[in-house]
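Enquirer: The structure's right below; bear with me while I get my questions together.
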Amino acid sequence: MSGGVDSAVAAARAREAGHDVTGVHLALSRNPQTFRTGARGCCTLEDSRDARRAADVIGIPFYVWDMAEEFHASVVDDFVGEYAAGRTPNPCLRCNEKIKFEAVLDRAIALGFDAVVTGHHARLGADGLLRRSVDLAKDQSYVLAVLTREQLDRAMFPLGDWTKERVRAEAASRGLAVADKPDSHDICFIADGDTRGFLESRLGSAPGDIVDGRTGETLGTHNGAYGFTVGQRKGLDLRVPAADGRPRYVLSITPVTNTVTVGPREDLEVDTVTATRPIQMNFSEMSDIQVQLRAHGDVVDADVSISDGLVTARLKSPARGVAAGQAIVAYQPDPDGDIVLGSATIAAGTRASAHA
Amino acid sequence: MAYLDHAATTPMLPAALDAYVAAAREVGNPSSLHAAGRNARRLVEESRERVAAALGARPSEVVFTSGGTESDNLAVKGVFWARRTAGPERTAVASSSVEHHAVLDAVDWLGAHEGAEVVSLDVDGSGRVTPETLAAVLGERADRLAVISVQWANNEVGTVQPIAELARLAAAAGVPFHTDAVQAVGQVPVDFAASGASALTLTGHKVGGPVGVGALLLGRDVPCTPLLHGGGQERDVRSGTLDTAGVVAFATAVESAVKTRAEYAARVAALRDVLVAGVREAVPDVIYNGAEGDRLPGNAHFSFPGCEGDALLMLLDAQGVYCSTGSACSAGVAQPSHVLLAMGADDARARSSLRFTLGHDSVEADVDALLAVLPGAVERARRAGAWKTPR
Ligand SMILES: Cc1ncc(COP(=O)(O)O)c(C=O)c1O
């Protein structure tokens, strides 16, 4: 129970379904004051109090579990390490994989519980299939697609068949004070939302060149390649304007040479995505399915094949801003909610018809 | 339900509750000059006399406060300020490493905000400050010490300190000596005059009185700067309208707890010994923390190797057995106890500990309830403990 409205209503619904429910708030920082303050965060003292009050109102026992060490090792350090390696991690996905459905789940099972219930917006029905939420704008199946079969078998997502609006209305009608608490968006362990500053404080500054992807010309310098994400346009601060005067985007990051490669928007387009570490992708070839390449990103029609643990997705229309380290999630379109077929970690995006 | 957390707070005694309700029905500010005010004042002063008589103090030495935390803060900061004002070279404050946070954090605050030199008095493996330890500190810097604070008995492991000896050393060196006796009153003999202490903290809710009322016994000649300024109701060292009903109930509880103490202590210590023997039998590798001899009668404190204390607490809670992991909490997360760490325990042992404390309404059935569910809980907590081992 994060202290937000979703987990509070999820707990209430699980209890109403007849389960013996215990509320758990995760303390993710050894020093809660250093995490984000205000109502937006997921880890502040205030959130812990909100979660406790929600548990009181629902009428369930409540405890705080200290997961600070696990969170640091599995999520924060991984986040920094991935950026250092030129990739763009998704810490929420990692937290689901390693904290909520591993550290918390394992502990809960050992203590005699049967499942972990969360307030994620996704459907997990009796058929065991993970599907998108009915509320497509709030759907979180993308960050849950990392879960294995064993993890899903011990998971419950009671909110998947409700819209966020209905969740808020339900919270209000139950007298849960968190009903109108704003959604959290940013990364909970970066207090001020300044990701680049956070990374710089961990990784130090490492000046390098920004080069043109087509000509190889040096266009400017940067203070650390980790501060950039594929598809990024702002903050490049280039000395040399493009010949055609059009904006330039980050195309790739090369940690070995500490260079950031930029180019025009069309050079961002890829039609083939390769990925590693497939989870739940129990097929060797699937045609006419859909893939999603980042959280809240567009969905693209694709054919996907897997061999030797390497996933290749051939996109039917080009995608932009495909960053290594993000997840590729495969969906089977379905009128009862698109079904998650599995996920993998993006290694690279390429274009068959590369520019000269 | 088995309530084994009396050191956190203990149920009100029926007599104290009755006294509270009766007094709360009356109107009157003890500072008012009319008959209603005089009546309230009489109730307060009678209460002061009863508390003083029960604890070997003079009525004028009883300063009513809002409880243990305020009394500790008043003694530590108030005496520090007054002594430093009188002698600017007195900038050091000494306290044991196993104090309650009400003392510990007040001392740390003086260090951080008043430039005080903070001296920590080490304890031995059972949590005791030896007279030699204090003597050594006094030998080095008695003239720089503004105040010394050592608790009478520890709230976590129940260790009783050699207060009279420590107070004698402090008095010989001319340094005021405060003792936090919150856990001691009603459990072990406490006589303020005989102890030689300059100031003594006690609180209502640990002796069968209400929460939010307590006292600082403060020697007449001990200088103390107020924390709260206002009407100067209590000897000009503490302001705020007195809580007449609370004070009456507090005095009733203190008087009763002290009067029945010997008999209570014998009964509860015997019950505690049954609990300890039962836990040792059920969990053979359990570690019993604290002193065997100089110990509060109702206190039992263990480390359960391989378990997380908070997991055990949750499992016992689910079975209706209430206990505690330690005193300090941050956002509801149990930090490894500073008391156990100070006693030489490592982090794992500190985190694996649980405190069971008995009180005036404890019965054998409470101990039986614990022993019935403890083995299963320990087994589960051990399984869950494995998750925290390094991956
Ligand atoms: C040793 C000790 N000192 C001080 C306190 C604080 O007393 P109170 O709760 O009355 O503020 C407590 C109790 O929590 C205690 O055990």
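Letters for chains follow the order of the structure tokens (A, B, ...), residue numbers begin at 1 for each chain, and ligand numbers begin at 1 in the order shown.
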Contacts between ligand 1 and chain B, please, where a residue of chain B counts if it comes within 7 Å (with only C-alpha atoms and all ligand atoms); show its shortest atom pair and distance in Å to one decimal, rows by chain and ascending number, as a Markdown table.

Expert:
| residue | atom | partner | partner_atom_place_in_ligand_line | distance |
| --- | --- | --- | --- | --- |
| B:Ala7 | CA | ligand 1 | 16 (O) | 6.6 |
| B:Ala8 | CA | ligand 1 | 14 (O) | 5.9 |
| B:Gly67 | CA | ligand 1 | 10 (O) | 3.8 |
| B:Gly68 | CA | ligand 1 | 7 (O) | 3.3 |
| B:Thr69 | CA | ligand 1 | 11 (O) | 3.7 |
| B:Glu70 | CA | ligand 1 | 11 (O) | 6.4 |
| B:Asp72 | CA | ligand 1 | 4 (C) | 6.9 |
| B:Glu99 | CA | ligand 1 | 1 (C) | 6.9 |
| B:His100 | CA | ligand 1 | 1 (C) | 5.0 |
| B:Ala102 | CA | ligand 1 | 4 (C) | 5.6 |
| B:Gln151 | CA | ligand 1 | 1 (C) | 6.8 |
| B:Asn154 | CA | ligand 1 | 1 (C) | 6.0 |
| B:Asn155 | CA | ligand 1 | 16 (O) | 4.7 |
| B:Asp180 | CA | ligand 1 | 3 (N) | 5.9 |
| B:Ala181 | CA | ligand 1 | 1 (C) | 6.6 |
| B:Val182 | CA | ligand 1 | 1 (C) | 5.0 |
| B:Gln183 | CA | ligand 1 | 1 (C) | 5.5 |
| B:Thr203 | CA | ligand 1 | 10 (O) | 4.8 |
| B:Gly204 | CA | ligand 1 | 10 (O) | 6.8 |
| B:His205 | CA | ligand 1 | 10 (O) | 6.6 |
| B:Val211 | CA | ligand 1 | 10 (O) | 6.5 |
| B:Gly212 | CA | ligand 1 | 10 (O) | 6.2 |
| B:Val213 | CA | ligand 1 | 10 (O) | 7.0 |
| B:Gly214 | CA | ligand 1 | 10 (O) | 6.6 |

Enquirer: Just to be explicit: take each residue in the selection above, keep N, CA and C atoms, and write the result as a PDB file, in the first residue's frame.

Expert:
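Wrote again_11.pdb, looks like this:
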ATOM      1  N   ALA B   7       5.485  -2.489  28.957  1.00  0.00           N
ATOM      2  CA  ALA B   7       6.508  -1.433  29.024  1.00  0.00           C
ATOM      3  C   ALA B   7       6.194  -0.308  28.050  1.00  0.00           C
ATOM      4  N   ALA B   8       5.379  -0.597  27.037  1.00  0.00           N
ATOM      5  CA  ALA B   8       4.967   0.458  26.109  1.00  0.00           C
ATOM      6  C   ALA B   8       3.898   1.316  26.769  1.00  0.00           C
ATOM      7  N   GLY B  67       4.447  14.313  30.883  1.00  0.00           N
ATOM      8  CA  GLY B  67       4.890  12.925  30.797  1.00  0.00           C
ATOM      9  C   GLY B  67       6.390  12.783  30.716  1.00  0.00           C
ATOM     10  N   GLY B  68       6.810  11.584  30.374  1.00  0.00           N
ATOM     11  CA  GLY B  68       8.222  11.235  30.401  1.00  0.00           C
ATOM     12  C   GLY B  68       9.058  12.059  29.443  1.00  0.00           C
ATOM     13  N   THR B  69       8.549  12.242  28.243  1.00  0.00           N
ATOM     14  CA  THR B  69       9.336  12.952  27.236  1.00  0.00           C
ATOM     15  C   THR B  69       9.598  14.391  27.666  1.00  0.00           C
ATOM     16  N   GLU B  70       8.561  15.048  28.171  1.00  0.00           N
ATOM     17  CA  GLU B  70       8.753  16.430  28.605  1.00  0.00           C
ATOM     18  C   GLU B  70       9.689  16.496  29.809  1.00  0.00           C
ATOM     19  N   ASP B  72      12.072  14.463  30.685  1.00  0.00           N
ATOM     20  CA  ASP B  72      13.449  14.209  30.252  1.00  0.00           C
ATOM     21  C   ASP B  72      14.038  15.440  29.566  1.00  0.00           C
ATOM     22  N   GLU B  99      20.057   5.120  26.741  1.00  0.00           N
ATOM     23  CA  GLU B  99      18.910   5.943  27.151  1.00  0.00           C
ATOM     24  C   GLU B  99      17.746   5.814  26.172  1.00  0.00           C
ATOM     25  N   HIS B 100      16.570   6.132  26.672  1.00  0.00           N
ATOM     26  CA  HIS B 100      15.400   6.289  25.809  1.00  0.00           C
ATOM     27  C   HIS B 100      15.650   7.494  24.892  1.00  0.00           C
ATOM     28  N   ALA B 102      13.960   9.983  24.383  1.00  0.00           N
ATOM     29  CA  ALA B 102      13.594  11.265  24.994  1.00  0.00           C
ATOM     30  C   ALA B 102      14.808  11.926  25.635  1.00  0.00           C
ATOM     31  N   GLN B 151      19.528   6.492  32.999  1.00  0.00           N
ATOM     32  CA  GLN B 151      18.210   5.944  33.325  1.00  0.00           C
ATOM     33  C   GLN B 151      18.293   4.991  34.525  1.00  0.00           C
ATOM     34  N   ASN B 154      16.261   0.191  32.086  1.00  0.00           N
ATOM     35  CA  ASN B 154      16.142   0.283  30.630  1.00  0.00           C
ATOM     36  C   ASN B 154      14.783  -0.211  30.139  1.00  0.00           C
ATOM     37  N   ASN B 155      14.222   0.514  29.193  1.00  0.00           N
ATOM     38  CA  ASN B 155      12.882   0.179  28.687  1.00  0.00           C
ATOM     39  C   ASN B 155      12.892  -1.017  27.751  1.00  0.00           C
ATOM     40  N   ASP B 180      16.147   8.911  34.444  1.00  0.00           N
ATOM     41  CA  ASP B 180      14.850   8.613  33.844  1.00  0.00           C
ATOM     42  C   ASP B 180      14.345   7.322  34.493  1.00  0.00           C
ATOM     43  N   ALA B 181      13.388   7.471  35.398  1.00  0.00           N
ATOM     44  CA  ALA B 181      12.890   6.321  36.159  1.00  0.00           C
ATOM     45  C   ALA B 181      11.517   5.885  35.653  1.00  0.00           C
ATOM     46  N   VAL B 182      11.215   6.221  34.412  1.00  0.00           N
ATOM     47  CA  VAL B 182       9.907   5.899  33.842  1.00  0.00           C
ATOM     48  C   VAL B 182       9.589   4.411  33.983  1.00  0.00           C
ATOM     49  N   GLN B 183      10.580   3.570  33.707  1.00  0.00           N
ATOM     50  CA  GLN B 183      10.328   2.123  33.743  1.00  0.00           C
ATOM     51  C   GLN B 183      10.502   1.543  35.143  1.00  0.00           C
ATOM     52  N   THR B 203       6.389   8.849  34.575  1.00  0.00           N
ATOM     53  CA  THR B 203       5.229   9.135  33.738  1.00  0.00           C
ATOM     54  C   THR B 203       4.064   8.250  34.153  1.00  0.00           C
ATOM     55  N   GLY B 204       2.853   8.776  33.945  1.00  0.00           N
ATOM     56  CA  GLY B 204       1.658   8.096  34.432  1.00  0.00           C
ATOM     57  C   GLY B 204       1.346   6.784  33.746  1.00  0.00           C
ATOM     58  N   HIS B 205       1.511   6.752  32.422  1.00  0.00           N
ATOM     59  CA  HIS B 205       0.937   5.607  31.714  1.00  0.00           C
ATOM     60  C   HIS B 205       1.737   4.325  31.828  1.00  0.00           C
ATOM     61  N   VAL B 211      -2.191   8.494  30.093  1.00  0.00           N
ATOM     62  CA  VAL B 211      -1.135   9.005  29.216  1.00  0.00           C
ATOM     63  C   VAL B 211      -1.200  10.527  29.248  1.00  0.00           C
ATOM     64  N   GLY B 212      -0.035  11.160  29.135  1.00  0.00           N
ATOM     65  CA  GLY B 212      -0.041  12.623  28.994  1.00  0.00           C
ATOM     66  C   GLY B 212       0.104  13.361  30.304  1.00  0.00           C
ATOM     67  N   VAL B 213       0.428  12.647  31.368  1.00  0.00           N
ATOM     68  CA  VAL B 213       0.717  13.331  32.625  1.00  0.00           C
ATOM     69  C   VAL B 213       1.859  12.580  33.300  1.00  0.00           C
ATOM     70  N   GLY B 214       2.753  13.339  33.894  1.00  0.00           N
ATOM     71  CA  GLY B 214       3.900  12.756  34.567  1.00  0.00           C
ATOM     72  C   GLY B 214       4.518  13.810  35.455  1.00  0.00           C
TER      73      GLY B 214
END

Enquirer: Could you give me, as JSON lines, a per-residue list for chain A showing, wherever an atom lies at most 10 Å from an atom of chain B, the closest pair of atoms and their distance in Å to one decimal, using only C-alpha atoms and sorting by chain then residue number from low to high?

Expert:
{"residue": "A:Thr22", "atom": "CA", "partner": "B:Ala318", "partner_atom": "CA", "distance": 9.6}
{"residue": "A:His25", "atom": "CA", "partner": "B:Gly332", "partner_atom": "CA", "distance": 9.2}
{"residue": "A:Leu26", "atom": "CA", "partner": "B:Val333", "partner_atom": "CA", "distance": 9.2}
{"residue": "A:Ala27", "atom": "CA", "partner": "B:Val333", "partner_atom": "CA", "distance": 7.2}
{"residue": "A:Arg30", "atom": "CA", "partner": "B:Ser330", "partner_atom": "CA", "distance": 8.9}
{"residue": "A:Asn31", "atom": "CA", "partner": "B:Ser330", "partner_atom": "CA", "distance": 8.3}
{"residue": "A:Pro32", "atom": "CA", "partner": "B:Ala331", "partner_atom": "CA", "distance": 7.4}
{"residue": "A:Gln33", "atom": "CA", "partner": "B:Ala331", "partner_atom": "CA", "distance": 9.7}
{"residue": "A:Cys43", "atom": "CA", "partner": "B:Ala331", "partner_atom": "CA", "distance": 9.8}
{"residue": "A:Thr44", "atom": "CA", "partner": "B:Ala331", "partner_atom": "CA", "distance": 8.4}
{"residue": "A:Leu45", "atom": "CA", "partner": "B:Ala331", "partner_atom": "CA", "distance": 5.6}
{"residue": "A:Glu46", "atom": "CA", "partner": "B:Ala331", "partner_atom": "CA", "distance": 8.8}
{"residue": "A:Asp47", "atom": "CA", "partner": "B:Ala331", "partner_atom": "CA", "distance": 9.5}
{"residue": "A:Ser48", "atom": "CA", "partner": "B:Ala331", "partner_atom": "CA", "distance": 6.7}
{"residue": "A:Arg49", "atom": "CA", "partner": "B:Ala331", "partner_atom": "CA", "distance": 8.1}
{"residue": "A:Arg52", "atom": "CA", "partner": "B:Gly332", "partner_atom": "CA", "distance": 9.8}
{"residue": "A:Pro61", "atom": "CA", "partner": "B:Ala318", "partner_atom": "CA", "distance": 8.4}
{"residue": "A:Phe62", "atom": "CA", "partner": "B:Met314", "partner_atom": "CA", "distance": 9.2}
{"residue": "A:Tyr63", "atom": "CA", "partner": "B:Gly332", "partner_atom": "CA", "distance": 7.4}
{"residue": "A:Val64", "atom": "CA", "partner": "B:Gly332", "partner_atom": "CA", "distance": 5.7}
{"residue": "A:Trp65", "atom": "CA", "partner": "B:Val333", "partner_atom": "CA", "distance": 6.6}
{"residue": "A:Asp66", "atom": "CA", "partner": "B:Val333", "partner_atom": "CA", "distance": 6.1}
{"residue": "A:Met67", "atom": "CA", "partner": "B:Lys388", "partner_atom": "CA", "distance": 9.5}
{"residue": "A:Glu69", "atom": "CA", "partner": "B:Lys388", "partner_atom": "CA", "distance": 9.2}
{"residue": "A:Glu70", "atom": "CA", "partner": "B:Lys388", "partner_atom": "CA", "distance": 8.4}
{"residue": "A:Glu102", "atom": "CA", "partner": "B:Trp387", "partner_atom": "CA", "distance": 9.4}
{"residue": "A:Ala103", "atom": "CA", "partner": "B:Trp387", "partner_atom": "CA", "distance": 6.9}
{"residue": "A:Val104", "atom": "CA", "partner": "B:Trp387", "partner_atom": "CA", "distance": 9.1}
{"residue": "A:Leu105", "atom": "CA", "partner": "B:Trp387", "partner_atom": "CA", "distance": 10.0}
{"residue": "A:Asp106", "atom": "CA", "partner": "B:Trp387", "partner_atom": "CA", "distance": 6.9}
{"residue": "A:Arg107", "atom": "CA", "partner": "B:Ala384", "partner_atom": "CA", "distance": 5.0}
{"residue": "A:Ala108", "atom": "CA", "partner": "B:Ala384", "partner_atom": "CA", "distance": 7.5}
{"residue": "A:Ile109", "atom": "CA", "partner": "B:Ala384", "partner_atom": "CA", "distance": 7.8}
{"residue": "A:Ala110", "atom": "CA", "partner": "B:Ala384", "partner_atom": "CA", "distance": 4.7}
{"residue": "A:Leu111", "atom": "CA", "partner": "B:Arg380", "partner_atom": "CA", "distance": 5.4}
{"residue": "A:Gly112", "atom": "CA", "partner": "B:Arg380", "partner_atom": "CA", "distance": 7.3}

Enquirer: Please identify which residues in segment 72-296 of chain B DSSP calls strand (DSSP E or B) from the backbone, and express them as JSON, numbers by chain.

Expert: {"B": [92, 93, 94, 95, 96, 117, 118, 119, 120, 121, 145, 146, 147, 148, 149, 153, 159, 160, 177, 178, 179, 180, 199, 200, 201, 202, 203, 214, 215, 216, 217, 218, 234, 238, 287, 288, 295]}

Enquirer: Between B:Ser60, B:Ser352, B:Ser337, B:Ser71, which is the closest to Leu202 of chain B once you count only C-alpha atoms?

Expert: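 Nearest to Leu202 of chain B: B:Ser71.
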